[in-house]
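Dropping target.csv in here (CSV, C-alpha atoms):
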```csv
chain,number,residue,atom,x,y,z
A,233,MET,CA,143.9,69.8,64.2
A,234,THR,CA,141.2,71.9,65.9
A,235,THR,CA,141.1,75.6,64.9
A,236,PRO,CA,141.5,77.8,68.0
A,237,LEU,CA,138.3,79.6,69.0
A,238,PRO,CA,138.5,83.4,68.6
A,239,GLU,CA,139.3,85.7,71.5
A,240,LEU,CA,137.5,88.8,70.0
A,241,ILE,CA,134.8,89.1,67.4
A,242,THR,CA,132.8,91.7,65.6
A,243,LEU,CA,129.1,91.1,66.0
A,244,HIS,CA,127.0,93.7,64.1
A,245,ASN,CA,123.8,91.7,64.2
A,246,GLY,CA,120.7,93.5,62.8
A,247,GLU,CA,120.4,97.3,62.6
A,248,LYS,CA,121.1,100.1,65.1
A,249,VAL,CA,118.0,100.9,67.1
A,250,PRO,CA,116.8,104.5,67.6
A,251,GLY,CA,118.8,106.0,70.5
A,252,THR,CA,117.3,107.4,73.7
A,253,PHE,CA,118.7,110.8,72.7
A,254,THR,CA,119.5,112.5,69.5
A,255,ARG,CA,122.8,112.1,67.7
A,256,GLY,CA,123.6,115.7,68.5
A,257,GLU,CA,123.1,115.1,72.2
A,258,MET,CA,125.4,112.2,72.2
A,259,ASP,CA,128.0,114.0,70.1
A,260,ASN,CA,128.0,116.8,72.7
A,261,ARG,CA,128.6,114.4,75.6
A,262,VAL,CA,131.5,112.8,73.9
A,263,SER,CA,132.9,116.2,72.7
A,264,ARG,CA,132.8,117.4,76.3
A,265,LEU,CA,134.6,114.3,77.4
A,266,ARG,CA,137.3,114.7,74.8
A,267,SER,CA,137.8,118.3,75.9
A,268,LEU,CA,138.2,117.1,79.4
A,269,MET,CA,140.8,114.5,78.2
A,270,GLN,CA,142.7,117.1,76.3
A,271,LYS,CA,142.8,119.5,79.3
A,272,ASN,CA,144.2,116.7,81.5
A,273,ASP,CA,146.6,115.2,78.8
A,274,ILE,CA,144.6,111.9,78.8
A,275,ASP,CA,145.1,109.8,75.6
A,276,ALA,CA,142.3,107.3,76.2
A,277,VAL,CA,139.5,106.7,78.7
A,278,LEU,CA,138.4,103.2,79.8
A,279,PHE,CA,135.0,103.4,81.5
A,280,THR,CA,133.8,100.3,83.4
A,281,SER,CA,130.8,101.5,85.4
A,282,TYR,CA,127.2,101.2,84.5
A,283,HIS,CA,126.6,104.9,84.8
A,284,ASN,CA,129.4,106.3,82.6
A,285,ILE,CA,129.2,103.6,80.0
A,286,ASN,CA,125.4,104.3,79.7
A,287,TYR,CA,125.8,108.1,79.8
A,288,PHE,CA,128.5,108.2,77.0
A,289,SER,CA,127.2,105.3,74.8
A,290,ASP,CA,123.5,104.8,75.6
A,291,PHE,CA,124.2,101.1,76.3
A,292,LEU,CA,123.2,99.7,79.7
A,293,TYR,CA,125.0,96.4,80.3
A,294,CYS,CA,124.0,93.4,82.4
A,295,ALA,CA,127.3,92.2,84.1
A,296,PHE,CA,126.3,88.8,85.5
A,297,GLY,CA,129.9,88.3,86.6
A,298,ARG,CA,131.5,89.6,83.4
A,299,SER,CA,133.4,92.8,82.7
A,300,TYR,CA,132.1,95.6,80.4
A,301,GLY,CA,133.8,98.7,79.1
A,302,LEU,CA,133.8,101.8,76.9
A,303,VAL,CA,137.0,103.1,75.4
A,304,VAL,CA,137.1,106.6,74.1
A,305,THR,CA,140.1,108.1,72.4
A,306,ASN,CA,140.4,111.3,70.4
A,307,SER,CA,139.1,109.5,67.3
A,308,ASP,CA,137.3,106.3,68.4
A,309,HIS,CA,134.4,105.3,70.6
A,310,THR,CA,134.0,101.6,71.3
A,311,THR,CA,132.0,99.6,73.8
A,312,ILE,CA,133.4,96.2,75.0
A,313,SER,CA,130.8,93.5,75.6
A,314,ALA,CA,130.6,89.8,76.2
A,315,ASN,CA,129.6,87.3,73.5
A,316,ILE,CA,126.6,86.1,75.7
A,317,ASP,CA,124.8,89.4,74.7
A,318,GLY,CA,124.9,88.8,71.0
A,319,GLY,CA,124.5,91.9,68.9
A,320,GLN,CA,122.4,93.8,71.4
A,321,PRO,CA,125.3,96.0,72.7
A,322,TRP,CA,126.2,97.1,69.2
A,323,ARG,CA,122.6,97.8,68.4
A,324,ARG,CA,122.3,100.0,71.5
A,325,SER,CA,125.7,101.7,71.4
A,326,TYR,CA,126.2,105.2,70.1
A,327,GLY,CA,129.5,104.1,68.6
A,328,ASP,CA,131.3,100.9,67.6
A,329,ASN,CA,131.5,97.7,69.6
A,330,VAL,CA,133.9,94.8,70.0
A,331,THR,CA,132.8,91.5,71.5
A,332,TYR,CA,135.0,89.2,73.6
A,333,THR,CA,134.4,85.5,74.0
A,334,ASP,CA,134.6,83.1,77.0
A,335,TRP,CA,137.0,80.8,75.2
A,336,GLN,CA,140.2,82.2,76.8
A,337,LYS,CA,140.7,83.7,80.3
A,338,ASP,CA,140.6,87.5,80.5
A,339,ASN,CA,139.7,88.2,76.9
A,340,PHE,CA,138.2,91.5,78.1
A,341,TYR,CA,141.7,92.8,78.6
A,342,ARG,CA,142.7,91.6,75.2
A,343,ALA,CA,140.0,93.9,73.9
A,344,VAL,CA,141.4,96.7,76.0
A,345,LYS,CA,144.9,96.1,74.5
A,346,LYS,CA,143.4,96.2,71.0
A,347,LEU,CA,141.8,99.6,71.6
A,348,ILE,CA,144.4,101.4,73.8
A,349,GLU,CA,148.0,101.7,72.8
A,350,ASP,CA,150.4,100.7,75.6
A,351,GLY,CA,152.3,103.7,77.0
A,352,ALA,CA,149.2,105.9,76.9
A,353,THR,CA,147.8,108.0,79.7
A,354,VAL,CA,144.5,106.3,80.5
A,355,GLY,CA,141.6,107.7,82.5
A,356,ILE,CA,139.9,105.1,84.6
A,357,GLU,CA,137.3,105.1,87.4
A,358,TYR,CA,139.0,104.7,90.8
A,359,ASP,CA,135.6,104.5,92.4
A,360,HIS,CA,134.5,101.4,90.4
A,361,LEU,CA,137.5,99.4,89.2
A,362,THR,CA,138.3,96.6,91.7
A,363,ILE,CA,141.9,96.0,92.9
A,364,GLN,CA,141.9,92.7,91.1
A,365,ASN,CA,140.8,94.3,87.8
A,366,ARG,CA,143.2,97.2,88.2
A,367,GLN,CA,146.0,94.7,88.5
A,368,LYS,CA,144.8,92.9,85.3
A,369,LEU,CA,144.7,96.3,83.5
A,370,GLU,CA,148.2,97.1,84.6
A,371,THR,CA,149.4,93.7,83.3
A,372,ALA,CA,147.6,94.3,80.0
A,373,LEU,CA,149.1,97.9,79.6
A,374,PRO,CA,152.4,97.8,81.6
A,375,GLY,CA,153.8,100.9,80.1
A,376,SER,CA,150.7,103.1,80.6
A,377,ARG,CA,149.9,105.7,83.3
A,378,PHE,CA,146.5,105.6,84.9
A,379,VAL,CA,144.6,108.6,86.3
A,380,ASP,CA,141.2,109.0,87.9
A,381,ILE,CA,138.4,110.2,85.7
A,382,SER,CA,135.5,109.4,87.9
A,383,ALA,CA,135.1,112.7,89.9
A,384,SER,CA,135.4,114.9,86.8
A,385,THR,CA,132.9,113.0,84.8
A,386,MET,CA,130.5,113.0,87.7
A,387,ARG,CA,130.7,116.8,87.8
A,388,SER,CA,129.9,117.0,84.1
A,389,ARG,CA,126.9,114.8,84.5
A,390,MET,CA,125.4,117.0,87.3
A,391,ILE,CA,124.4,119.6,84.8
A,392,LYS,CA,121.6,118.2,82.6
A,393,SER,CA,121.0,119.0,79.0
A,394,GLN,CA,117.5,120.0,77.8
A,395,GLU,CA,117.0,116.6,76.3
A,396,GLU,CA,117.9,115.0,79.6
A,397,ILE,CA,115.5,117.3,81.5
A,398,LEU,CA,112.7,116.4,79.0
A,399,HIS,CA,113.5,112.7,79.5
A,400,ILE,CA,113.4,113.0,83.3
A,401,THR,CA,110.2,115.1,83.2
A,402,SER,CA,108.5,112.4,81.1
A,403,LEU,CA,109.6,109.7,83.6
A,404,ALA,CA,108.3,111.8,86.5
A,405,ALA,CA,104.9,111.9,84.9
A,406,ILE,CA,105.1,108.1,84.6
A,407,ALA,CA,105.9,107.9,88.3
A,408,ASP,CA,102.8,109.9,89.0
A,409,ILE,CA,100.8,107.2,87.1
A,410,GLY,CA,102.5,104.5,89.2
A,411,GLY,CA,101.5,106.5,92.4
A,412,ALA,CA,97.9,106.6,91.3
A,413,ALA,CA,97.9,102.9,90.6
A,414,CYS,CA,99.4,102.3,94.0
A,415,ALA,CA,96.7,104.3,95.8
A,416,GLU,CA,94.1,102.5,93.7
A,417,ALA,CA,95.3,99.1,94.9
A,418,ILE,CA,95.5,100.0,98.6
A,419,SER,CA,92.9,98.4,100.9
A,420,VAL,CA,92.8,96.8,104.3
A,421,GLY,CA,93.8,93.1,104.0
A,422,THR,CA,95.8,93.6,100.7
A,423,PRO,CA,99.4,92.4,100.8
A,424,GLU,CA,102.2,94.8,100.0
A,425,HIS,CA,103.3,92.8,97.0
A,426,GLU,CA,100.0,93.1,95.3
A,427,VAL,CA,99.9,96.9,95.6
A,428,ALA,CA,103.5,97.0,94.3
A,429,LEU,CA,102.7,94.7,91.3
A,430,HIS,CA,99.7,96.8,90.3
A,431,SER,CA,101.8,100.0,90.4
A,432,THR,CA,104.8,98.5,88.5
A,433,GLY,CA,102.5,97.1,85.8
A,434,ALA,CA,100.9,100.5,85.2
A,435,MET,CA,104.3,102.2,84.8
A,436,VAL,CA,105.8,99.5,82.5
A,437,ARG,CA,102.8,99.7,80.2
A,438,GLU,CA,103.1,103.5,80.1
A,439,ILE,CA,106.8,103.3,79.3
A,440,ALA,CA,106.1,100.9,76.5
A,441,LYS,CA,103.6,103.4,75.0
A,442,ARG,CA,105.8,106.5,75.4
A,443,PHE,CA,109.2,104.9,74.5
A,444,PRO,CA,108.4,102.2,71.9
A,445,HIS,CA,112.1,101.6,71.2
A,446,ALA,CA,113.2,101.3,74.8
A,447,GLU,CA,114.3,98.2,76.7
A,448,LEU,CA,111.8,97.5,79.4
A,449,LEU,CA,113.9,96.8,82.6
A,450,ASP,CA,114.5,98.0,86.1
A,451,THR,CA,111.2,99.7,86.7
A,452,TRP,CA,110.0,98.8,90.2
A,453,THR,CA,107.8,99.8,93.2
A,454,TRP,CA,108.6,99.5,96.9
A,455,PHE,CA,105.4,99.6,98.9
A,456,GLN,CA,105.8,99.4,102.6
A,457,SER,CA,103.3,99.2,105.5
A,458,GLY,CA,103.6,99.4,109.3
A,459,ILE,CA,107.0,98.6,110.7
A,460,ASN,CA,108.3,98.1,107.2
A,461,THR,CA,108.2,101.9,106.6
A,462,ASP,CA,111.2,102.4,108.9
A,463,GLY,CA,113.7,102.2,106.0
A,464,ALA,CA,113.5,104.1,102.8
A,465,HIS,CA,114.9,101.1,100.8
A,466,ASN,CA,113.1,98.2,102.5
A,467,PRO,CA,112.0,95.6,100.0
A,468,VAL,CA,108.3,94.6,99.5
A,469,THR,CA,107.0,91.8,101.6
A,470,SER,CA,103.7,89.9,101.8
A,471,ARG,CA,102.6,91.8,104.9
A,472,ARG,CA,98.9,92.7,104.7
A,473,ILE,CA,97.7,96.2,105.3
A,474,ASP,CA,95.8,96.8,108.5
A,475,SER,CA,93.5,99.7,109.4
A,476,GLY,CA,95.4,102.7,110.7
A,477,ASP,CA,98.7,101.5,109.2
A,478,ILE,CA,101.3,104.1,108.1
A,479,LEU,CA,102.2,103.3,104.4
A,480,SER,CA,105.0,104.3,102.1
A,481,LEU,CA,104.6,104.5,98.3
A,482,ASN,CA,107.8,104.4,96.3
A,483,CYS,CA,107.5,104.4,92.5
A,484,PHE,CA,110.7,104.1,90.3
A,485,PRO,CA,110.2,104.1,86.5
A,486,MET,CA,113.4,103.5,84.6
A,487,VAL,CA,114.2,104.1,80.9
A,488,ALA,CA,117.7,103.9,79.5
A,489,GLY,CA,119.3,103.9,83.0
A,490,TYR,CA,117.6,107.1,84.0
A,491,TYR,CA,116.1,106.9,87.5
A,492,VAL,CA,113.3,109.0,88.9
A,493,ALA,CA,111.3,108.5,92.0
A,494,LEU,CA,107.9,109.3,93.6
A,495,GLU,CA,107.7,108.7,97.4
A,496,ARG,CA,104.7,109.5,99.6
A,497,THR,CA,103.5,108.8,103.1
A,498,LEU,CA,99.9,107.5,103.3
A,499,PHE,CA,97.6,105.9,105.9
A,500,ALA,CA,95.1,103.1,105.6
A,501,GLU,CA,91.5,104.4,106.4
A,502,TYR,CA,92.5,106.8,109.2
A,503,CYS,CA,95.5,108.5,110.7
A,504,PRO,CA,95.9,108.6,114.5
A,505,ASP,CA,96.5,112.0,116.1
A,506,GLU,CA,100.2,111.7,116.9
A,507,HIS,CA,100.9,110.3,113.5
A,508,LEU,CA,99.1,113.2,112.0
A,509,ARG,CA,101.1,115.7,114.0
A,510,LEU,CA,104.4,114.1,112.8
A,511,TRP,CA,103.2,113.8,109.2
A,512,ARG,CA,102.3,117.5,109.1
A,513,ILE,CA,105.8,118.5,110.5
A,514,ASN,CA,107.5,116.4,107.8
A,515,CYS,CA,105.3,118.1,105.1
A,516,GLU,CA,106.4,121.5,106.6
A,517,VAL,CA,110.1,120.5,106.1
A,518,HIS,CA,109.3,119.2,102.6
A,519,GLU,CA,107.7,122.5,101.6
A,520,LYS,CA,110.4,124.6,103.1
A,521,GLY,CA,113.1,122.5,101.5
A,522,ALA,CA,111.5,123.0,98.0
A,523,SER,CA,111.5,126.7,98.5
A,524,LEU,CA,115.2,126.7,99.2
A,525,ILE,CA,116.2,125.1,95.9
A,526,LYS,CA,117.6,127.9,93.7
A,527,PRO,CA,120.8,128.8,92.0
A,528,GLY,CA,123.6,130.1,94.3
A,529,VAL,CA,122.6,128.1,97.3
A,530,ARG,CA,124.9,125.5,98.8
A,531,CYS,CA,123.7,122.0,99.5
A,532,CYS,CA,125.0,122.0,103.0
A,533,ASP,CA,123.1,125.3,103.8
A,534,ILE,CA,119.8,123.7,102.8
A,535,ALA,CA,120.5,120.8,105.1
A,536,HIS,CA,121.4,123.0,108.1
A,537,SER,CA,118.3,125.2,107.5
A,538,LEU,CA,115.9,122.2,107.5
A,539,ASN,CA,117.6,120.7,110.5
A,540,GLU,CA,116.4,123.7,112.5
A,541,ILE,CA,112.8,122.8,111.8
A,542,TYR,CA,113.2,119.3,113.0
A,543,SER,CA,115.2,120.6,116.0
A,544,GLU,CA,112.4,123.0,117.0
A,545,HIS,CA,110.0,120.0,117.2
A,546,GLY,CA,112.5,117.7,119.0
A,547,LEU,CA,112.7,115.4,116.0
A,548,LEU,CA,116.2,116.0,114.6
A,549,GLU,CA,117.5,112.7,116.1
A,550,TYR,CA,114.8,110.8,114.1
A,551,ARG,CA,116.0,112.1,110.7
A,552,THR,CA,117.4,109.2,108.7
A,553,PHE,CA,119.4,110.5,105.6
A,554,GLY,CA,120.2,113.5,103.5
A,555,TYR,CA,117.4,115.8,102.2
A,556,GLY,CA,117.9,115.0,98.5
A,557,HIS,CA,120.2,114.1,95.6
A,558,SER,CA,120.9,114.5,92.0
A,559,PHE,CA,118.9,112.7,89.3
A,560,GLY,CA,120.1,111.2,86.0
A,561,VAL,CA,122.0,108.0,85.2
A,562,LEU,CA,121.7,106.2,88.5
A,563,CYS,CA,119.8,103.3,90.0
A,564,HIS,CA,119.4,101.2,93.2
A,565,TYR,CA,122.4,99.0,92.2
A,566,TYR,CA,124.7,101.5,90.4
A,567,GLY,CA,125.7,105.1,90.2
A,568,ARG,CA,125.5,108.1,92.4
A,569,GLU,CA,126.3,111.7,91.7
A,570,ALA,CA,127.6,112.1,95.3
A,571,GLY,CA,128.8,115.7,94.7
A,572,LEU,CA,125.2,116.8,94.5
A,573,GLU,CA,123.5,115.6,97.6
A,574,LEU,CA,121.6,117.9,100.1
A,575,ARG,CA,123.8,117.0,103.1
A,576,GLU,CA,125.8,118.8,105.7
A,577,ASP,CA,129.1,117.7,104.2
A,578,VAL,CA,128.4,118.7,100.6
A,579,GLU,CA,129.3,122.3,99.7
A,580,THR,CA,128.3,122.2,96.0
A,581,VAL,CA,126.5,125.3,94.8
A,582,LEU,CA,123.3,124.7,93.0
A,583,GLU,CA,123.2,125.8,89.3
A,584,PRO,CA,120.5,126.0,86.6
A,585,ASP,CA,119.8,122.7,84.9
A,586,MET,CA,120.7,120.6,87.9
A,587,VAL,CA,117.9,118.2,88.9
A,588,VAL,CA,117.5,117.3,92.5
A,589,SER,CA,115.0,115.8,94.9
A,590,MET,CA,113.6,117.2,98.1
A,591,GLU,CA,112.9,114.1,100.3
A,592,PRO,CA,112.9,114.7,104.0
A,593,MET,CA,112.4,111.6,106.2
A,594,ILE,CA,112.0,110.9,109.9
A,595,MET,CA,111.5,107.5,111.5
A,596,LEU,CA,110.2,106.9,115.0
A,597,PRO,CA,110.8,103.3,116.3
A,598,GLU,CA,108.2,100.9,117.4
A,599,GLY,CA,106.9,101.5,120.9
A,600,ARG,CA,106.9,105.3,120.5
A,601,PRO,CA,103.7,107.3,119.8
A,602,GLY,CA,103.5,107.9,116.0
A,603,ALA,CA,105.9,105.1,115.2
A,604,GLY,CA,106.9,104.6,111.5
A,605,GLY,CA,108.7,106.3,108.7
A,606,TYR,CA,107.5,109.5,107.1
A,607,ARG,CA,108.8,110.9,103.8
A,608,GLU,CA,107.7,112.9,100.9
A,609,HIS,CA,109.7,113.2,97.6
A,610,ASP,CA,109.5,115.6,94.7
A,611,ILE,CA,111.9,116.2,91.8
A,612,LEU,CA,112.9,119.8,91.1
A,613,VAL,CA,114.7,121.2,88.1
A,614,VAL,CA,116.8,124.2,89.1
A,615,THR,CA,116.0,127.2,86.9
A,616,GLU,CA,117.6,130.6,86.5
A,617,ASP,CA,115.7,132.1,89.4
A,618,GLY,CA,114.3,129.2,91.4
A,619,ASN,CA,113.0,125.7,90.5
A,620,ARG,CA,110.4,123.9,88.6
A,621,ASN,CA,108.7,121.0,90.4
A,622,ILE,CA,108.0,118.1,87.9
A,623,THR,CA,106.3,115.8,90.4
A,624,GLY,CA,102.5,116.1,90.3
A,625,PHE,CA,101.2,113.4,92.7
A,626,PRO,CA,99.7,115.1,95.8
A,627,TYR,CA,101.1,114.8,99.3
A,628,GLY,CA,99.9,115.2,102.8
A,629,PRO,CA,96.9,114.3,105.0
A,630,GLU,CA,94.4,116.0,102.8
A,631,HIS,CA,95.1,113.6,99.9
A,632,ASN,CA,96.7,110.4,101.2
A,633,ILE,CA,94.4,108.9,103.8
A,634,ILE,CA,93.2,106.1,101.7
```

Please express what this file holds, its structure, as structure tokens.
Amino acid sequence: MTTPLPELITLHNGEKVPGTFTRGEMDNRVSRLRSLMQKNDIDAVLFTSYHNINYFSDFLYCAFGRSYGLVVTNSDHTTISANIDGGQPWRRSYGDNVTYTDWQKDNFYRAVKKLIEDGATVGIEYDHLTIQNRQKLETALPGSRFVDISASTMRSRMIKSQEEILHITSLAAIADIGGAACAEAISVGTPEHEVALHSTGAMVREIAKRFPHAELLDTWTWFQSGINTDGAHNPVTSRRIDSGDILSLNCFPMVAGYYVALERTLFAEYCPDEHLRLWRINCEVHEKGASLIKPGVRCCDIAHSLNEIYSEHGLLEYRTFGYGHSFGVLCHYYGREAGLELREDVETVLEPDMVVSMEPMIMLPEGRPGAGGYREHDILVVTEDGNRNITGFPYGPEHNII
């Protein structure tokens, strides 16, 4: 008779690796979470998102079609991972780990049942859990009550600790290195992808040097030229740079799920007159926006103030997105601290130790004088009386006509 294969296993393979942050930093995060749970009469939290699992455990999962989780109770802290990852989730997790196998359907929810007592009040992420998985969770814990934890944990992540700010500052310096490599690779006839590869390689090597225990993943560069500059998130292509092209440099070093960005407008060899006029206007908005970042200011008021500058120049209709956003645990495929974006519909008041970007962008379509996308992007740490700009790469026509 064949012995049934296990549903759940413990896979403590190797030794724990040094964490991204100190034990004290992680203790504080979990302690704040437990205080939030107590305040809202929540017995257990089941996180399923990349950003919250990473923030509260220092483990960044690779889903590849499987479910992952983090269960936090008043006494326990356990990540749930798939057997395909071996012992890596345990090595990277701040707390304990349980591994589920593929041998039976929905073993992930058997792990949840093991870690959460049925009948509990359970905090879950309404903005991440799919309808299908919500139904499976209710089947696994039929006597439990589920409440949303996503908005309150987002608000707690918006205020950065000093360790987080140091981490983000170090990454911003790496983005500057990527920007320098990008500028170094720019020349007429060079394809976008070659410029991007040179920049990304420089950043990855610097990350490996500064963070010897980090996993090297998710660092990337978007470099766009000509018409490809019309979108801020347009992927790299093999288009070759032509003389007089408008260019967009976008460097994104990532360590432990923490995203930073450097974005700049550049031109190849020369900048036509109308492009130069528009570029200078966007730099004016960028500088004014940075001056408005300070405690006590509402996000929406910053947006309205900067809209006035574009409006004076007849360019407001060409603005393409909000003026900035929060930094921390986020990436191009997960996470967003939507409560801290510099947009007209966000009334959040800036506080010390928030970290935000200032990144105005306008885009004029093909066929119009000055066609292309213009944007500059700095990262600002809100201080007690203003802000500290941690982006060092220069911007504007005086520096970035290559």

Report the closest atom pair, with its distance in Å rounded to one decimal, for each residue of region 482-560 of chain A that has an atom no farther than 9 Å from region 566-581 of chain A; count all atoms listed in the file, sort by chain and then rising residue number, and write it as CSV.
```
residue,atom,partner,partner_atom,distance
A:Pro527,CA,A:Val581,CA,7.3
A:Gly528,CA,A:Val581,CA,5.6
A:Val529,CA,A:Val581,CA,5.4
A:Arg530,CA,A:Val581,CA,4.3
A:Cys531,CA,A:Leu574,CA,4.6
A:Cys532,CA,A:Glu576,CA,4.3
A:Asp533,CA,A:Glu576,CA,7.3
A:Ile534,CA,A:Leu574,CA,6.6
A:Ala535,CA,A:Arg575,CA,5.4
A:His536,CA,A:Glu576,CA,6.5
A:Phe553,CA,A:Arg575,CA,8.2
A:Gly554,CA,A:Arg575,CA,5.0
A:Tyr555,CA,A:Leu574,CA,5.1
A:Gly556,CA,A:Leu574,CA,5.0
A:His557,CA,A:Glu573,CA,4.1
A:Ser558,CA,A:Leu572,CA,5.5
A:Phe559,CA,A:Glu569,CA,7.8
A:Gly560,CA,A:Glu569,CA,8.4
```

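Here the question is which of A:Ile274, A:Ile594, A:Val487, A:Leu429 gets nearest to Pro444 (chain A) using only C-alpha atoms, and that residue is A:Val487.
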
Got a sec: who's within 10 Å of Gly433 (chain A), counting only C-alpha atoms, leaving out chain neighbours fewer than 2 positions off, as an MDAnalysis selection string? chainID A and resid 410 413 428:431 435:439 451:453

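Between CA of Pro423 (chain A) and CA of Gln456 (chain A) the interatomic distance comes to 9.7 Å.
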
Looking at A:Gly476, A:Pro236, A:Gly251, A:Gly604, which one is nearest to Thr461 (chain A), with distances taken over only C-alpha atoms? A:Gly604

Residues at most 7 Å from region 277-285 of chain A, counting all atoms listed in the file, excluding those fewer than 6 positions away in the same chain, as a PyMOL selection string? chain A and resi 291-293+300-305+354-357+360-361+561-562+566-567

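Here CA of Leu524 (chain A) and CA of Asn621 (chain A) stand 12.3 Å from one another.
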
So which residues touch Val330 (chain A) within 9 Å, counting only C-alpha atoms, skipping near sequence neighbours fewer than 3 positions away, as a PyMOL selection string? chain A and resi 240-243+310-314+322+343

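Coordinates place CA of Asp290 (chain A) at a distance of 5.7 Å from CA of Ser325 (chain A).
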
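The shortest atom-to-atom distance to Ile409 (chain A), with only C-alpha atoms taken into account, belongs to A:Pro485 out of A:Gly618, A:Pro485, A:Gly319, A:Pro584.
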
For Glu540 (chain A), which residue among A:Arg471, A:Lys526, A:Lys520, A:His465 is the nearest when counting all atoms listed in the file? A:Lys520

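The smallest atom-to-atom distance between Thr552 (chain A) and any of A:Leu510, A:Met486, A:Met595, A:Ala522, using only C-alpha atoms, is found for A:Met595.
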
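Between Arg389 (chain A) and the residues A:Lys346, A:Arg366, A:Arg377, A:Arg264, the shortest atom-to-atom distance, using only C-alpha atoms, involves A:Arg264.
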
Show me, as a PDB file with C-alpha atoms, in the coordinates of the input, the residues that have an atom within 9 Å of Phe288 (chain A) when counting all atoms listed in the file, minus same-chain residues fewer than 6 positions from it.
```
ATOM      1  CA  MET A 258     125.400 112.200  72.200  1.00  0.00           C
ATOM      2  CA  ARG A 261     128.600 114.400  75.600  1.00  0.00           C
ATOM      3  CA  VAL A 262     131.500 112.800  73.900  1.00  0.00           C
ATOM      4  CA  LEU A 265     134.600 114.300  77.400  1.00  0.00           C
ATOM      5  CA  LEU A 302     133.800 101.800  76.900  1.00  0.00           C
ATOM      6  CA  TYR A 326     126.200 105.200  70.100  1.00  0.00           C
TER       7      TYR A 326
END
```

Env of Val613 (chain A): 7 Å cut, atoms = only C-alpha atoms, seq-sep filter 4 positions within chain, self excluded. Answer as a PyMOL selection string. chain A and resi 585-588+619-621
